[in-house]
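For reference, coords.pdb (PDB, C-alpha atoms):
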MODEL        1
ATOM      1  CA  MET A  17     148.003 -46.544-127.820
ATOM      2  CA  GLY A  18     148.900 -50.027-126.622
ATOM      3  CA  GLY A  19     147.394 -52.481-124.098
ATOM      4  CA  LYS A  20     145.223 -52.091-121.025
ATOM      5  CA  GLU A  21     148.117 -51.576-118.589
ATOM      6  CA  GLU A  22     149.642 -48.860-120.778
ATOM      7  CA  ILE A  23     146.290 -47.079-121.098
ATOM      8  CA  ASN A  24     145.654 -47.226-117.343
ATOM      9  CA  PHE A  25     149.162 -45.875-116.631
ATOM     10  CA  PHE A  26     148.631 -43.009-119.045
ATOM     11  CA  LEU A  27     145.215 -42.052-117.606
ATOM     12  CA  LYS A  28     146.578 -42.223-114.057
ATOM     13  CA  GLU A  29     149.438 -39.857-114.911
ATOM     14  CA  VAL A  30     147.108 -37.511-116.820
ATOM     15  CA  GLU A  31     144.890 -37.177-113.740
ATOM     16  CA  LYS A  32     147.989 -36.303-111.662
ATOM     17  CA  SER A  33     149.101 -33.645-114.159
ATOM     18  CA  ILE A  34     148.682 -29.953-113.325
ATOM     19  CA  PRO A  35     146.189 -27.878-115.403
ATOM     20  CA  GLN A  36     147.639 -25.138-117.649
ATOM     21  CA  LYS A  37     145.239 -22.364-118.641
ATOM     22  CA  GLU A  38     147.407 -20.863-121.393
ATOM     23  CA  LEU A  39     147.433 -23.965-123.618
ATOM     24  CA  ALA A  40     144.917 -23.975-126.474
ATOM     25  CA  LEU A  41     144.043 -26.188-129.441
ATOM     26  CA  LYS A  42     146.404 -25.366-132.322
ATOM     27  CA  PRO A  43     148.479 -27.247-134.908
ATOM     28  CA  TYR A  44     150.507 -29.347-132.451
ATOM     29  CA  ARG A  45     153.343 -31.582-133.638
ATOM     30  CA  TYR A  46     151.944 -34.810-132.179
ATOM     31  CA  LYS A  47     148.528 -36.357-131.638
ATOM     32  CA  LEU A  48     147.912 -39.243-129.238
ATOM     33  CA  THR A  49     144.605 -41.123-129.547
ATOM     34  CA  LEU A  50     143.336 -43.243-126.666
ATOM     35  CA  THR A  51     140.384 -45.624-127.020
ATOM     36  CA  LYS A  52     138.768 -47.073-123.897
ATOM     37  CA  ASN A  53     135.292 -48.596-123.612
ATOM     38  CA  LYS A  54     134.655 -47.598-127.252
ATOM     39  CA  LYS A  55     135.268 -43.960-126.345
ATOM     40  CA  ILE A  56     137.950 -42.025-128.249
ATOM     41  CA  ASN A  57     139.971 -39.264-126.571
ATOM     42  CA  ASN A  58     142.595 -37.164-128.354
ATOM     43  CA  TYR A  59     145.613 -35.538-126.733
ATOM     44  CA  TYR A  60     147.986 -33.116-128.474
ATOM     45  CA  LEU A  61     151.525 -32.047-127.631
ATOM     46  CA  ASP A  62     154.614 -30.276-128.928
ATOM     47  CA  ASP A  63     156.985 -31.894-126.436
ATOM     48  CA  PRO A  64     156.619 -34.235-123.422
ATOM     49  CA  SER A  65     156.343 -31.400-120.885
ATOM     50  CA  ALA A  66     152.696 -30.534-121.619
ATOM     51  CA  LEU A  67     149.516 -31.980-123.159
ATOM     52  CA  PHE A  68     146.296 -30.517-124.535
ATOM     53  CA  ARG A  69     143.232 -32.668-123.750
ATOM     54  CA  GLU A  70     140.632 -32.200-126.493
ATOM     55  CA  GLU A  71     137.715 -33.651-124.505
ATOM     56  CA  THR A  72     137.914 -31.037-121.739
ATOM     57  CA  GLY A  73     139.695 -28.269-123.658
ATOM     58  CA  GLU A  74     142.389 -27.971-121.006
ATOM     59  CA  GLY A  75     146.151 -27.971-120.990
ATOM     60  CA  LEU A  76     148.142 -30.155-118.609
ATOM     61  CA  THR A  77     151.693 -29.983-117.282
ATOM     62  CA  SER A  78     152.988 -33.569-117.495
ATOM     63  CA  THR A  79     154.231 -35.440-114.428
ATOM     64  CA  PRO A  80     157.893 -36.601-114.597
ATOM     65  CA  GLU A  81     156.695 -40.170-115.217
ATOM     66  CA  LEU A  82     154.387 -39.040-118.024
ATOM     67  CA  GLN A  83     157.179 -36.978-119.568
ATOM     68  CA  GLU A  84     159.438 -40.029-119.638
ATOM     69  CA  TYR A  85     156.670 -42.109-121.235
ATOM     70  CA  LEU A  86     155.867 -39.475-123.882
ATOM     71  CA  HIS A  87     159.545 -38.973-124.702
ATOM     72  CA  ALA A  88     159.882 -42.708-125.428
ATOM     73  CA  LYS A  89     156.727 -42.658-127.574
ATOM     74  CA  ILE A  90     157.988 -39.703-129.624
ATOM     75  CA  LYS A  91     161.316 -41.453-130.132
ATOM     76  CA  GLU A  92     159.495 -44.565-131.412
ATOM     77  CA  LEU A  93     157.372 -42.420-133.712
ATOM     78  CA  HIS A  94     160.385 -40.690-135.240
ATOM     79  CA  LYS A  95     161.917 -44.065-136.056
ATOM     80  CA  SER A  96     158.781 -45.532-137.627
ATOM     81  CA  THR A  97     156.959 -42.700-139.373
ATOM     82  CA  PRO A  98     157.685 -41.679-142.972
ATOM     83  CA  PHE A  99     156.419 -38.186-142.195
ATOM     84  CA  GLY A 100     157.919 -35.138-140.503
ATOM     85  CA  ALA A 101     156.838 -32.715-137.804
ATOM     86  CA  PRO A 102     155.285 -29.451-139.090
ATOM     87  CA  LEU A 103     157.676 -26.969-137.479
ATOM     88  CA  GLU A 104     157.615 -23.239-138.199
ATOM     89  CA  TRP A 105     160.559 -21.602-139.940
ATOM     90  CA  ASP A 106     161.574 -19.544-136.896
ATOM     91  CA  GLU A 107     162.286 -22.814-135.083
ATOM     92  CA  VAL A 108     163.695 -24.716-138.059
ATOM     93  CA  LYS A 109     166.309 -22.091-138.886
ATOM     94  CA  GLU A 110     167.881 -22.726-135.473
ATOM     95  CA  ILE A 111     167.894 -26.500-136.026
ATOM     96  CA  PHE A 112     169.092 -26.128-139.625
ATOM     97  CA  PRO A 113     171.760 -23.374-139.593
ATOM     98  CA  ARG A 114     174.011 -22.628-142.560
ATOM     99  CA  TYR A 115     176.469 -25.350-143.564
ATOM    100  CA  THR A 116     174.372 -28.029-141.846
ATOM    101  CA  LEU A 117     173.859 -31.302-143.712
ATOM    102  CA  ALA A 118     170.409 -32.869-144.015
ATOM    103  CA  VAL A 119     168.931 -35.995-145.576
ATOM    104  CA  ILE A 120     166.036 -34.973-147.827
ATOM    105  CA  THR A 121     163.427 -37.620-148.688
ATOM    106  CA  ASP A 122     160.752 -37.114-151.326
ATOM    107  CA  VAL A 123     157.407 -38.304-149.930
ATOM    108  CA  GLU A 124     156.004 -39.594-153.232
ATOM    109  CA  THR A 125     159.015 -41.537-154.509
ATOM    110  CA  ASP A 126     160.808 -42.262-151.192
ATOM    111  CA  LYS A 127     164.075 -41.257-152.886
ATOM    112  CA  SER A 128     166.633 -39.647-150.552
ATOM    113  CA  PHE A 129     169.678 -37.438-151.065
ATOM    114  CA  GLN A 130     171.968 -35.231-148.999
ATOM    115  CA  GLY A 131     171.853 -31.447-149.108
ATOM    116  CA  GLU A 132     173.622 -28.627-147.308
ATOM    117  CA  ARG A 133     171.966 -25.369-146.303
ATOM    118  CA  ARG A 134     174.109 -22.567-147.695
ATOM    119  CA  GLY A 135     171.881 -19.556-147.107
ATOM    120  CA  GLY A 136     168.364 -18.184-147.117
ATOM    121  CA  THR A 137     166.658 -15.722-144.784
ATOM    122  CA  PHE A 138     162.963 -16.572-145.061
ATOM    123  CA  HIS A 139     163.503 -20.189-146.143
ATOM    124  CA  ALA A 140     166.463 -22.526-146.676
ATOM    125  CA  ASP A 141     168.643 -22.228-149.777
ATOM    126  CA  VAL A 142     170.116 -25.698-150.199
ATOM    127  CA  GLN A 143     172.622 -27.382-152.512
ATOM    128  CA  PRO A 144     173.018 -31.103-153.224
ATOM    129  CA  LEU A 145     176.198 -32.308-151.565
ATOM    130  CA  THR A 146     177.583 -34.465-154.405
ATOM    131  CA  ALA A 147     176.974 -35.192-158.089
ATOM    132  CA  ARG A 148     175.173 -38.377-157.038
ATOM    133  CA  ASP A 149     172.838 -36.333-154.807
ATOM    134  CA  THR A 150     172.100 -34.044-157.754
ATOM    135  CA  GLN A 151     171.303 -37.094-159.874
ATOM    136  CA  VAL A 152     168.785 -38.355-157.297
ATOM    137  CA  LEU A 153     167.156 -34.918-157.070
ATOM    138  CA  LYS A 154     166.787 -34.849-160.854
ATOM    139  CA  GLU A 155     165.306 -38.360-160.831
ATOM    140  CA  VAL A 156     162.642 -37.147-158.390
ATOM    141  CA  TYR A 157     161.675 -34.559-161.023
ATOM    142  CA  LYS A 158     161.675 -37.200-163.785
ATOM    143  CA  GLY A 159     164.822 -35.878-165.412
ATOM    144  CA  ARG A 160     163.728 -32.246-165.836
ATOM    145  CA  TRP A 161     164.420 -29.332-163.503
ATOM    146  CA  SER A 162     161.183 -27.736-162.345
ATOM    147  CA  TRP A 163     159.706 -25.094-160.051
ATOM    148  CA  GLN A 164     157.040 -27.615-159.056
ATOM    149  CA  ARG A 165     156.676 -28.008-155.305
ATOM    150  CA  ARG A 166     157.129 -31.458-153.798
ATOM    151  CA  ALA A 167     156.494 -32.712-150.266
ATOM    152  CA  VAL A 168     159.741 -33.756-148.580
ATOM    153  CA  VAL A 169     160.917 -34.810-145.130
ATOM    154  CA  VAL A 170     164.135 -33.131-144.004
ATOM    155  CA  GLU A 171     166.079 -35.172-141.432
ATOM    156  CA  ILE A 172     168.638 -33.322-139.311
ATOM    157  CA  GLY A 173     170.410 -35.166-136.511
ATOM    158  CA  GLY A 174     167.706 -37.840-136.418
ATOM    159  CA  ARG A 175     164.891 -35.268-136.313
ATOM    160  CA  LYS A 176     162.341 -35.423-139.159
ATOM    161  CA  ILE A 177     160.758 -32.140-140.272
ATOM    162  CA  ALA A 178     157.956 -31.657-142.811
ATOM    163  CA  ALA A 179     158.969 -29.451-145.730
ATOM    164  CA  SER A 180     158.451 -28.566-149.388
ATOM    165  CA  MET A 181     161.064 -28.146-152.092
ATOM    166  CA  ASN A 182     161.262 -26.953-155.672
ATOM    167  CA  GLY A 183     163.628 -28.516-158.180
ATOM    168  CA  MET A 184     165.019 -25.595-160.140
ATOM    169  CA  PRO A 185     168.711 -24.607-159.914
ATOM    170  CA  HIS A 186     168.950 -20.837-159.522
ATOM    171  CA  GLY A 187     171.099 -18.183-157.889
ATOM    172  CA  SER A 188     174.550 -18.872-156.524
ATOM    173  CA  GLY A 189     176.096 -22.181-155.546
ATOM    174  CA  LYS A 190     179.532 -22.732-154.002
ATOM    175  CA  ILE A 191     179.809 -26.521-153.614
ATOM    176  CA  GLN A 192     182.333 -27.781-156.144
ATOM    177  CA  GLY A 193     181.813 -30.922-158.209
ATOM    178  CA  ASN A 194     178.136 -31.477-157.423
ATOM    179  CA  ASP A 195     176.937 -30.808-161.018
ATOM    180  CA  PHE A 196     174.361 -28.323-159.727
ATOM    181  CA  ARG A 197     174.513 -24.728-160.887
ATOM    182  CA  GLY A 198     173.114 -22.723-157.996
ATOM    183  CA  HIS A 199     170.808 -23.815-155.199
ATOM    184  CA  PHE A 200     167.197 -24.927-154.737
ATOM    185  CA  CYS A 201     164.675 -23.841-152.099
ATOM    186  CA  ILE A 202     163.216 -25.723-149.161
ATOM    187  CA  HIS A 203     160.230 -24.198-147.358
ATOM    188  CA  PHE A 204     158.840 -25.087-143.943
ATOM    189  CA  LEU A 205     155.702 -24.021-142.094
ATOM    190  CA  GLN A 206     155.311 -20.227-142.454
ATOM    191  CA  SER A 207     158.416 -19.866-144.630
ATOM    192  CA  ARG A 208     158.278 -16.989-147.095
ATOM    193  CA  VAL A 209     159.472 -16.311-150.616
ATOM    194  CA  HIS A 210     162.576 -14.085-150.599
ATOM    195  CA  LYS A 211     161.519 -11.795-153.451
ATOM    196  CA  SER A 212     157.946 -11.036-152.336
ATOM    197  CA  GLY A 213     158.224 -11.780-148.625
ATOM    198  CA  LYS A 214     154.947 -13.717-148.865
ATOM    199  CA  VAL A 215     154.000 -17.189-147.685
ATOM    200  CA  ASP A 216     153.649 -19.491-150.710
ATOM    201  CA  LEU A 217     150.392 -21.491-150.611
ATOM    202  CA  ALA A 218     151.714 -24.336-152.781
ATOM    203  CA  HIS A 219     154.695 -24.849-150.472
ATOM    204  CA  GLN A 220     152.440 -24.805-147.390
ATOM    205  CA  MET A 221     150.165 -27.455-148.906
ATOM    206  CA  MET A 222     153.185 -29.679-149.486
ATOM    207  CA  VAL A 223     154.465 -29.110-145.941
ATOM    208  CA  TRP A 224     151.210 -30.488-144.524
ATOM    209  CA  LYS A 225     151.379 -33.383-146.988
ATOM    210  CA  ALA A 226     154.896 -34.140-145.734
ATOM    211  CA  ALA A 227     153.501 -34.043-142.182
ATOM    212  CA  GLY A 228     151.006 -36.778-143.091
ATOM    213  CA  ARG A 229     148.112 -34.326-142.778
ATOM    214  CA  PRO A 230     147.335 -33.228-146.368
ATOM    215  CA  GLU A 231     143.743 -32.410-145.435
ATOM    216  CA  TYR A 232     144.719 -29.825-142.780
ATOM    217  CA  LEU A 233     144.387 -26.646-144.881
ATOM    218  CA  PHE A 234     141.278 -27.955-146.661
ATOM    219  CA  ASN A 235     139.449 -28.717-143.414
ATOM    220  CA  LYS A 236     139.768 -25.151-142.120
ATOM    221  CA  ALA A 237     139.406 -23.266-145.414
ATOM    222  CA  SER A 238     136.764 -20.646-146.214
ATOM    223  CA  PRO A 239     134.892 -20.893-149.562
ATOM    224  CA  GLU A 240     137.348 -18.437-151.159
ATOM    225  CA  GLN A 241     140.322 -20.340-149.758
ATOM    226  CA  ILE A 242     138.950 -23.640-151.110
ATOM    227  CA  ILE A 243     138.985 -22.200-154.624
ATOM    228  CA  ASN A 244     142.605 -21.129-154.163
ATOM    229  CA  LEU A 245     143.599 -24.498-152.690
ATOM    230  CA  VAL A 246     141.969 -26.499-155.492
ATOM    231  CA  LEU A 247     143.472 -24.395-158.274
ATOM    232  CA  THR A 248     146.883 -24.481-156.578
ATOM    233  CA  ALA A 249     146.740 -28.286-156.297
ATOM    234  CA  LEU A 250     145.825 -28.475-159.992
ATOM    235  CA  ASP A 251     148.647 -26.098-160.901
ATOM    236  CA  GLN A 252     151.082 -28.340-158.998
ATOM    237  CA  GLY A 253     149.789 -31.440-160.770
ATOM    238  CA  ASP A 254     148.899 -33.183-157.489
ATOM    239  CA  GLU A 255     145.772 -35.229-158.091
ATOM    240  CA  ARG A 256     145.526 -36.440-154.486
ATOM    241  CA  LEU A 257     145.529 -32.924-153.054
ATOM    242  CA  LEU A 258     143.151 -31.814-155.793
ATOM    243  CA  ALA A 259     140.660 -34.547-154.858
ATOM    244  CA  LEU A 260     140.601 -33.345-151.226
ATOM    245  CA  GLY A 261     138.947 -30.094-152.281
ATOM    246  CA  LEU A 262     136.370 -31.407-154.763
ATOM    247  CA  LEU A 263     132.814 -32.683-154.382
ATOM    248  CA  SER A 264     130.543 -33.881-157.167
ATOM    249  CA  ALA A 265     126.946 -32.692-157.225
ATOM    250  CA  LYS A 266     126.155 -35.561-159.629
ATOM    251  CA  GLY A 267     127.927 -38.432-157.913
ATOM    252  CA  ASN A 268     130.889 -38.537-160.300
ATOM    253  CA  ASP A 269     134.073 -40.241-159.152
ATOM    254  CA  ILE A 270     136.350 -37.572-157.673
ATOM    255  CA  ASN A 271     139.597 -39.513-157.934
ATOM    256  CA  SER A 272     139.271 -40.338-161.622
ATOM    257  CA  ALA A 273     138.088 -36.791-162.385
ATOM    258  CA  SER A 274     141.096 -35.338-160.526
ATOM    259  CA  ARG A 275     143.452 -37.601-162.442
ATOM    260  CA  LYS A 276     141.924 -36.493-165.751
ATOM    261  CA  LEU A 277     142.208 -32.803-164.872
ATOM    262  CA  VAL A 278     145.881 -33.191-163.944
ATOM    263  CA  GLN A 279     146.523 -35.011-167.211
ATOM    264  CA  GLU A 280     144.899 -32.192-169.209
ATOM    265  CA  ILE A 281     146.026 -29.002-167.441
ATOM    266  CA  ALA A 282     149.742 -28.104-167.377
ATOM    267  CA  SER A 283     149.430 -24.960-165.241
ATOM    268  CA  ILE A 284     146.740 -22.588-164.034
ATOM    269  CA  ALA A 285     146.556 -19.227-162.240
ATOM    270  CA  LEU A 286     143.609 -17.458-160.643
ATOM    271  CA  GLU A 287     143.422 -13.875-161.878
ATOM    272  CA  LYS A 288     140.112 -12.701-160.394
ATOM    273  CA  MET A 289     137.448 -13.976-157.996
ATOM    274  CA  GLU A 290     134.188 -12.213-157.129
ATOM    275  CA  PRO A 291     131.272 -13.607-155.108
ATOM    276  CA  VAL A 292     127.898 -13.693-156.829
ATOM    277  CA  GLU A 293     124.757 -12.772-154.909
ATOM    278  CA  ILE A 294     123.685 -15.630-152.634
ATOM    279  CA  GLY A 295     120.874 -17.726-154.101
ATOM    280  CA  GLU A 296     118.168 -19.835-152.500
ATOM    281  CA  ASN A 297     120.535 -22.652-151.447
ATOM    282  CA  PRO A 298     122.630 -21.563-148.413
ATOM    283  CA  ASP A 299     124.949 -24.553-148.933
ATOM    284  CA  CYS A 300     126.018 -23.400-152.392
ATOM    285  CA  LYS A 301     127.948 -20.202-153.072
ATOM    286  CA  GLU A 302     128.752 -19.039-156.591
ATOM    287  CA  TYR A 303     131.873 -17.102-157.573
ATOM    288  CA  ASN A 304     132.697 -15.448-160.849
ATOM    289  CA  VAL A 305     136.347 -16.211-161.591
ATOM    290  CA  LYS A 306     138.905 -15.477-164.272
ATOM    291  CA  VAL A 307     141.711 -17.998-164.831
ATOM    292  CA  GLU A 308     144.705 -18.246-167.121
ATOM    293  CA  PHE A 309     145.967 -21.727-167.940
ATOM    294  CA  TYR A 310     147.779 -23.976-170.385
ATOM    295  CA  TYR A 311     146.653 -27.330-171.732
ATOM    296  CA  ARG A 312     149.361 -29.974-171.879
ATOM    297  CA  ASN A 313     151.117 -30.182-175.239
ATOM    298  CA  GLU A 314     149.876 -26.723-176.203
ATOM    299  CA  GLN A 315     151.918 -23.510-176.339
ATOM    300  CA  ALA A 316     149.017 -21.054-176.350
ATOM    301  CA  LYS A 317     147.838 -19.556-173.068
ATOM    302  CA  ARG A 318     144.084 -19.867-172.483
ATOM    303  CA  GLU A 319     141.938 -17.396-170.590
ATOM    304  CA  LYS A 320     138.488 -18.246-169.272
ATOM    305  CA  GLN A 321     135.926 -16.432-167.168
ATOM    306  CA  GLY A 322     132.895 -18.061-165.606
ATOM    307  CA  PRO A 323     131.227 -19.453-162.486
ATOM    308  CA  LEU A 324     132.673 -21.775-159.860
ATOM    309  CA  ASN A 325     130.392 -23.202-157.181
ATOM    310  CA  VAL A 326     131.461 -23.914-153.610
ATOM    311  CA  LEU A 327     129.368 -26.518-151.802
ATOM    312  CA  THR A 328     129.136 -26.798-148.009
ATOM    313  CA  ASP A 329     128.585 -30.081-146.186
ATOM    314  CA  PRO A 330     125.929 -29.167-143.560
ATOM    315  CA  ALA A 331     127.084 -31.921-141.203
ATOM    316  CA  THR A 332     130.725 -30.829-141.003
ATOM    317  CA  GLU A 333     130.501 -27.253-142.382
ATOM    318  CA  ARG A 334     133.438 -28.238-144.622
ATOM    319  CA  HIS A 335     133.603 -26.455-147.981
ATOM    320  CA  PHE A 336     134.284 -28.116-151.352
ATOM    321  CA  LEU A 337     134.597 -26.861-154.907
ATOM    322  CA  GLU A 338     131.921 -28.404-157.092
ATOM    323  CA  LEU A 339     133.653 -30.705-159.587
ATOM    324  CA  GLU A 340     131.243 -30.054-162.450
ATOM    325  CA  SER A 341     131.667 -26.271-162.317
ATOM    326  CA  LEU A 342     135.463 -26.653-162.535
ATOM    327  CA  VAL A 343     135.259 -29.100-165.438
ATOM    328  CA  ASP A 344     132.873 -26.768-167.321
ATOM    329  CA  LEU A 345     135.154 -23.770-166.753
ATOM    330  CA  LEU A 346     138.204 -25.560-168.151
ATOM    331  CA  ALA A 347     136.492 -27.377-171.017
ATOM    332  CA  LYS A 348     137.930 -26.874-174.526
TER     333      LYS A 348
ENDMDL
END
Please express the file's structure as structure tokens.
Amino acid sequence: MGGKEEINFFLKEVEKSIPQKELALKPYRYKLTLTKNKKINNYYLDDPSALFREETGEGLTSTPELQEYLHAKIKELHKSTPFGAPLEWDEVKEIFPRYTLAVITDVETDKSFQGERRGGTFHADVQPLTARDTQVLKEVYKGRWSWQRRAVVVEIGGRKIAASMNGMPHGSGKIQGNDFRGHFCIHFLQSRVHKSGKVDLAHQMMVWKAAGRPEYLFNKASPEQIINLVLTALDQGDERLLALGLLSAKGNDINSASRKLVQEIASIALEKMEPVEIGENPDCKEYNVKVEFYYRNEQAKREKQGPLNVLTDPATERHFLELESLVDLLAK
């Protein structure tokens, strides 16, 4: 937040706002951080009409003046941020109906192209609008079509929404002359796969990355979920997401180790996970897992079974997969 006058105005309007009992801390679209006298206070909101104040755990109905101020701030944010709002599919499908055009921007490369939603019930089935748009999409995937998930921001009518796409043409496609045989999928928060009806973890990880909050799922994950998140990040070849879930018991560099793992492993799937009896250290849980994976530049599928350790940071109660146990499991 800005200068002293702006802070004082905001605090004055907050104090005039009416408490709302039904509001609770949840994944809000926006976070506003105020620092005064070296004290940090966080406020969360979905729209200017109401705020959640973290310090007191209360919801507030905004005054008209505060609503006007917050509306202007959100408008500024939408213009300046490279990220999108993490909106759930039930809301997005109303904003992004069939035959609506969107600008799709890949978070990693910053390449943008136009796409049109042509269908999809549980997520958006989208087609590139022109042959040039198809070319850009293929450039994002380094010239090869792929099922790999990528974090993207979907802009519709000036509104930026966090999403995840794959880059594989499949199914039907009716746009003529776009050099794209079929459609590709775009998932949003709580979107589901059409065939299974299940939420896809890899897509959800990319949605939060596109929202500028890649750590969100890791911060709230259980030990079992951390194993799934780490292996999913490795399967997607995303070294930055992978590093978020790893901790070295020996002080090894996590970033370089994550990069090396991504360079070595082409794909990986968790087949089985069973907890082992808790040992003497309450901050370390062992799991017996079975994984199937492929090394890069190898055709043969590998299968390994062995231990993975999940470490807990006592200060934050955040769980991490022990780097060394993962490296040992996947060693040739």
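With all atoms listed in the file as the atoms that count, the residue of A:Phe234, A:Gly213, A:Arg229, A:Leu339 with the shortest distance to A:Ser272 is A:Leu339.
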Quiz item: What do you get, as a PyMOL selection string, if you spell out every residue that the PyMOL selection byres ((chain A and resi 160-170) around 7) selects here?
Solution: chain A and resi 99-100+118-123+154+157-159+171-172+176-184+218-219+222-223+225-226+252
Quiz item: Which polymer residues, protein or nucleic acid, are no farther than 9 Å from (182.4, -32.6, -154.7), counting only C-alpha atoms, as a PyMOL selection string?
Solution: chain A and resi 145-147+191-195
Self-check item: d(atom CA of A:Phe309, atom CA of A:Trp224) in Å
Solution: 25.5 Å
Quiz item: If you apply the PyMOL selection byres ((chain A and resi 243) around 9) to this file, what residues do you get, as a ChimeraX atom specification?
Solution: /A:238-242,244-248,261,286,324,326,336-337
Exercise. Could you expand the PyMOL selection byres ((chain A and resi 104) around 10) into the explicit residues it covers here, written as a list in words?
Key: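 Expected selection for the PyMOL selection byres ((chain A and resi 104) around 10) here is Ala101, Pro102, Leu103, Trp105, Asp106, Glu107, Val108, Lys109, Ile177, Ala178, Ala179, His203, Phe204, Leu205, Gln206 and Ser207 of chain A.
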For stretch 207-225 of chain A, supply N, CA and C atoms and report the output as a JSON list (two decimals), in the coordinates of the input.
[["chain", "number", "residue", "atom", "x", "y", "z"],
["A", 207, "SER", "N", 157.31, -20.44, -143.86],
["A", 207, "SER", "CA", 158.42, -19.87, -144.63],
["A", 207, "SER", "C", 157.85, -18.88, -145.63],
["A", 208, "ARG", "N", 158.71, -17.99, -146.12],
["A", 208, "ARG", "CA", 158.28, -16.99, -147.10],
["A", 208, "ARG", "C", 159.21, -16.98, -148.30],
["A", 209, "VAL", "N", 158.67, -16.48, -149.40],
["A", 209, "VAL", "CA", 159.47, -16.31, -150.62],
["A", 209, "VAL", "C", 160.38, -15.10, -150.42],
["A", 210, "HIS", "N", 161.64, -15.18, -150.83],
["A", 210, "HIS", "CA", 162.58, -14.08, -150.60],
["A", 210, "HIS", "C", 162.19, -12.82, -151.36],
["A", 211, "LYS", "N", 161.78, -12.97, -152.62],
["A", 211, "LYS", "CA", 161.52, -11.80, -153.45],
["A", 211, "LYS", "C", 160.29, -11.01, -152.97],
["A", 212, "SER", "N", 159.19, -11.71, -152.71],
["A", 212, "SER", "CA", 157.95, -11.04, -152.34],
["A", 212, "SER", "C", 157.75, -10.92, -150.83],
["A", 213, "GLY", "N", 158.43, -11.77, -150.07],
["A", 213, "GLY", "CA", 158.22, -11.78, -148.62],
["A", 213, "GLY", "C", 156.91, -12.41, -148.21],
["A", 214, "LYS", "N", 156.25, -13.13, -149.14],
["A", 214, "LYS", "CA", 154.95, -13.72, -148.86],
["A", 214, "LYS", "C", 155.05, -15.22, -148.64],
["A", 215, "VAL", "N", 154.11, -15.74, -147.87],
["A", 215, "VAL", "CA", 154.00, -17.19, -147.68],
["A", 215, "VAL", "C", 153.43, -17.79, -148.97],
["A", 216, "ASP", "N", 154.05, -18.85, -149.46],
["A", 216, "ASP", "CA", 153.65, -19.49, -150.71],
["A", 216, "ASP", "C", 152.67, -20.63, -150.41],
["A", 217, "LEU", "N", 151.43, -20.52, -150.92],
["A", 217, "LEU", "CA", 150.39, -21.49, -150.61],
["A", 217, "LEU", "C", 150.78, -22.89, -151.07],
["A", 218, "ALA", "N", 151.35, -23.02, -152.27],
["A", 218, "ALA", "CA", 151.71, -24.34, -152.78],
["A", 218, "ALA", "C", 152.72, -25.02, -151.86],
["A", 219, "HIS", "N", 153.72, -24.28, -151.41],
["A", 219, "HIS", "CA", 154.70, -24.85, -150.47],
["A", 219, "HIS", "C", 154.03, -25.28, -149.17],
["A", 220, "GLN", "N", 153.10, -24.47, -148.66],
["A", 220, "GLN", "CA", 152.44, -24.80, -147.39],
["A", 220, "GLN", "C", 151.58, -26.06, -147.52],
["A", 221, "MET", "N", 150.94, -26.24, -148.67],
["A", 221, "MET", "CA", 150.16, -27.46, -148.91],
["A", 221, "MET", "C", 151.07, -28.68, -148.86],
["A", 222, "MET", "N", 152.25, -28.56, -149.46],
["A", 222, "MET", "CA", 153.18, -29.68, -149.49],
["A", 222, "MET", "C", 153.79, -29.95, -148.10],
["A", 223, "VAL", "N", 153.96, -28.91, -147.31],
["A", 223, "VAL", "CA", 154.46, -29.11, -145.94],
["A", 223, "VAL", "C", 153.50, -30.00, -145.16],
["A", 224, "TRP", "N", 152.20, -29.69, -145.26],
["A", 224, "TRP", "CA", 151.21, -30.49, -144.52],
["A", 224, "TRP", "C", 151.11, -31.89, -145.09],
["A", 225, "LYS", "N", 151.33, -32.04, -146.39],
["A", 225, "LYS", "CA", 151.38, -33.38, -146.99],
["A", 225, "LYS", "C", 152.56, -34.16, -146.42]]
